[in-house]
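Asker: My questions will all concern the structure given below.
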Amino acid sequence: MKGKTKKLIALLLAAAMLLGLAACGKKQESGNITSELSLSEADWPIVDGATAFKPFYLKAASMILGKTEEEAQQYVLCSTTDVAYPALVDKDADLIFCLGPSEEQEKLAKSRGIGFESIPVLNEAFVFFVNKDNPVNSVTVKQLHDIYAGTITNWKELGGNDEPIIAYQRSEGSGSQTGLYKFVISKAEIAEPPKGVRVDTMAGIVDVVANYKNSAGAIGYSYLYFVKNQHYDDNIKLLNIEGIAPTNDAVASGKYPMINTAYAVFRSSEPQDSAVRKIANWCAGKQAAQIATELGYVPYKGK
């Protein structure tokens with residue numbers, strides 16, 4: 001019996017080893033998806049991007065490399081939009097996942113003789129939020145324009161409390177600040193924020209509106225996925241814009257008035273058969289769309 005037992009254990013161990021080897025060589029799966037694109041670590045480019053889109057491009061890296069997300073962490077950076085674009089220009093990154101570039105980022109690329117090529121991958125809502133105790137629930141784009149131009153300065157002008165409006169802004173070059181210029185107000189029109197009212201990080205602007213002193217009068221902006229899934233705070237509430245709530249359904253249907261697009265961005269000089277182009281195209285395909293939906297994003301569906 002002892003001999004048979006030892007033989008059975010040996011067979012089981014051998015089978016486990018074979019299964020382990022098979023798993024190492026198997027393409028990474030997500031739900032019912034097995035990646036159609038497979039790359040080795042040696043072929044993997046330098047991938048960077050915006051905070052709000054890291055879960056998406058980290059999952060893409062995990063699947064394409066055939067690794068767990070924990071293992072794939074070392075193959076992606078998250079330097080934020082205002083760092084990722086200059087990194088792409090300086091060739092410190094090969095592929096970034098960001099919203100469209102700011103005017104300054106485009107000028108920098110042009111000055112270096114670099115062209116950007118962008119493939120759309122996600123649609124995202126540009127959102128505004130206030131403290132949960134603020135009675136205002138909905139604003140128009142015109143009212144937001146006037147807040148950031150400095151012509152509406154008190155919440156009572158919008159049907160709220162007699163409370164000064166503290167209009168927080170993000171740092172120049174961030175995806176959020178570029179969104180403000182795109183949807184609400186031009187850089188030439190915007191009022192200069194008082195000292196301490198410009199916030200460097202996406203998390204920071206949520207925190208000051210939620211909890212900082214005088215937060216009852218504060219307003220800030222970001223992107224829906226980040227606020228809902230990455231840095232949720234129940235001390236803030238999202239404002240309806242033109243009476244439409246910022247939801248994934250409103251983005252998918254095109255009803256929400258401030259829909260921005262996230263891109264896989266790379267240098268236009270990238271060879272046609274490069275790993276960079278393969279990854280970017282995969283991230284715009286059906287498999288990536290399913291992953292995006294699983295993660296809570298809205299896949300790009302065109303304008």
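We name chains A, B, ... following the order of the structure tokens; residues begin at 1 in each chain, and ligands are numbered from 1 as shown.
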Leaving out Asp43 of chain A and any residue of its chain fewer than 6 positions from it, which residues lie within 10 Å of it when counting only C-alpha atoms, given as a list in words?
Answerer: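 Surrounding residues, per the criterion: Leu65, Ser274, Ala275 and Val276 of chain A.
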Asker: Please produce an output containing N, CA and C atoms for each residue in the selection, written as a PDB file, in the first residue's frame.
Answerer:
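Heads up, here's the output in again.pdb:
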ATOM      1  N   LEU A  65       0.640  40.493 -21.693  1.00  0.00           N
ATOM      2  CA  LEU A  65       1.876  39.874 -21.224  1.00  0.00           C
ATOM      3  C   LEU A  65       1.647  38.489 -20.615  1.00  0.00           C
ATOM      4  N   SER A 274       5.164  47.837 -35.185  1.00  0.00           N
ATOM      5  CA  SER A 274       5.742  47.915 -33.845  1.00  0.00           C
ATOM      6  C   SER A 274       4.786  47.374 -32.783  1.00  0.00           C
ATOM      7  N   ALA A 275       5.359  47.005 -31.636  1.00  0.00           N
ATOM      8  CA  ALA A 275       4.560  46.560 -30.497  1.00  0.00           C
ATOM      9  C   ALA A 275       3.633  47.675 -30.022  1.00  0.00           C
ATOM     10  N   VAL A 276       4.095  48.910 -30.110  1.00  0.00           N
ATOM     11  CA  VAL A 276       3.287  50.055 -29.684  1.00  0.00           C
ATOM     12  C   VAL A 276       1.977  50.108 -30.461  1.00  0.00           C
TER      13      VAL A 276
END
Asker: I'd like the contact shell of segment 182-191 of chain A - 10 Å cut-off, only C-alpha atoms, skipping same-chain residues fewer than 3 positions apart - returned as a list in words.
Answerer: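 Final neighbour list, sorted by chain and number: Ser102, Phe126, Thr140, Val141, Lys142, Gln143, Leu144, His145, Asp146, Ile147, Tyr148, Ala149, Gly150, Thr151, Ala167, Ser176, Gln177, Thr178, Gly179, Pro194, Pro257, Met258, Ile259 and Asn260 of chain A.
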Asker: Find the residues near Lys228 of chain A: any atom within 10 Å, counting only C-alpha atoms, skip ones fewer than 6 places away on the same chain, and give them as a ChimeraX atom specification.
Answerer: /A:234,238,247,296
Asker: Could you dump the residues just selected with C-alpha atoms as a tab-separated table (two decimals), in the first residue's frame?
Answerer:
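Saved to selection_14.tsv:
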chain	number	residue	atom	x	y	z
A	234	ASP	CA	-19.34	60.51	0.22
A	238	LEU	CA	-21.78	65.28	-8.56
A	247	THR	CA	-23.65	58.41	-15.50
A	296	GLY	CA	-16.69	50.32	-15.18
Asker: Name the residues of segment 52-108 of chain A that come out as strand (DSSP E or B) in a backbone DSSP run; write them as number ranges by chain.
Answerer: A: 76, 95-99
Asker: Write the residues of the preceding selection, restricted to C-alpha atoms, as a PDB file, in the first residue's frame.
Answerer:
ATOM      1  CA  VAL A  76       3.335  50.333 -16.631  1.00  0.00           C
ATOM      2  CA  LEU A  95       2.761  54.744 -25.485  1.00  0.00           C
ATOM      3  CA  ILE A  96       0.552  56.769 -23.176  1.00  0.00           C
ATOM      4  CA  PHE A  97      -3.122  56.524 -22.245  1.00  0.00           C
ATOM      5  CA  CYS A  98      -4.444  60.041 -21.783  1.00  0.00           C
ATOM      6  CA  LEU A  99      -7.018  62.561 -22.860  1.00  0.00           C
TER       7      LEU A  99
END
Asker: Looking only at the backbone, which of the residues in segment 153-282 of chain A does DSSP tag as helix (DSSP H, G or I), as a PyMOL selection string?
Answerer: chain A and resi 155-158+175-183+202-211+215-217+224-230+248-253+275-282
Asker: How far is it from atom CA of Gln230 of chain A to atom CA of Asn281 of chain A, in Å with one decimal?
Answerer: 25.8 Å
Asker: Could you work out how far atom CA of Asp200 of chain A lies from atom CA of Ala87 of chain A, giving the answer in Å with one decimal?
Answerer: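 Atom CA of Ala87 of chain A sits 18.2 Å away from atom CA of Asp200 of chain A.
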Asker: A:Glu163, A:Asp90, A:Asp133, A:Glu172: which is nearest Ile114 of chain A, counting only C-alpha atoms?
Answerer: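 Smallest distance to Ile114 of chain A is found for A:Asp90.
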Asker: Would you please work out which residue, of A:Gly220, A:Gly113, A:Pro164, A:Pro86, is nearest to Gly49 of chain A when using only C-alpha atoms?
Answerer: A:Pro86
Asker: Can you tell me, as a JSON list (two decimals) with N, CA and C atoms, in the first residue's frame, what residues are no more than 8 Å from Leu77 of chain A when counting only C-alpha atoms, ignoring any on the same chain fewer than 4 positions away?
Answerer:
[["chain", "number", "residue", "atom", "x", "y", "z"],
["A", 46, "ILE", "N", 7.64, 51.21, -23.26],
["A", 46, "ILE", "CA", 7.43, 51.98, -22.03],
["A", 46, "ILE", "C", 6.03, 52.59, -22.10],
["A", 47, "VAL", "N", 5.18, 52.12, -21.21],
["A", 47, "VAL", "CA", 3.77, 52.54, -21.19],
["A", 47, "VAL", "C", 3.51, 53.44, -19.98],
["A", 48, "ASP", "N", 2.87, 54.56, -20.22],
["A", 48, "ASP", "CA", 2.60, 55.54, -19.17],
["A", 48, "ASP", "C", 1.18, 56.06, -19.37],
["A", 49, "GLY", "N", 0.74, 56.94, -18.48],
["A", 49, "GLY", "CA", -0.58, 57.50, -18.69],
["A", 49, "GLY", "C", -1.16, 58.24, -17.51],
["A", 73, "GLN", "N", 2.26, 45.32, -12.83],
["A", 73, "GLN", "CA", 2.46, 46.67, -12.31],
["A", 73, "GLN", "C", 3.82, 47.24, -12.73]]
Asker: Determine the nearest neighbour of Ala42 of chain A from the options A:Tyr225, A:Phe266, A:Tyr75, A:Phe56, counting only C-alpha atoms.
Answerer: A:Tyr75
Asker: Pick from A:Tyr181, A:Arg267, A:Gln287, A:Glu41: nearest to Gly115 of chain A, with only C-alpha atoms counted?
Answerer: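 Nearest to Gly115 of chain A: A:Arg267.
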Asker: For segment 117-119 of chain A, list every protein, DNA or RNA residue within 7 Å, evaluated using only C-alpha atoms, and leave out those in the same chain fewer than 4 positions away; present the list as a VMD selection string.
Answerer: chain A and resid 263 to 268 280
Asker: Next, write the just-selected residues to a file, as a PDB file, in the first residue's frame, keeping C-alpha atoms as the atom set.
Answerer:
ATOM      1  CA  TYR A 263      -6.623  57.835 -26.371  1.00  0.00           C
ATOM      2  CA  ALA A 264      -3.725  55.490 -26.819  1.00  0.00           C
ATOM      3  CA  VAL A 265      -1.151  58.070 -27.930  1.00  0.00           C
ATOM      4  CA  PHE A 266       2.234  57.424 -29.524  1.00  0.00           C
ATOM      5  CA  ARG A 267       4.761  59.112 -31.793  1.00  0.00           C
ATOM      6  CA  SER A 268       3.623  59.137 -35.419  1.00  0.00           C
ATOM      7  CA  ALA A 280      -2.846  50.597 -29.224  1.00  0.00           C
TER       8      ALA A 280
END
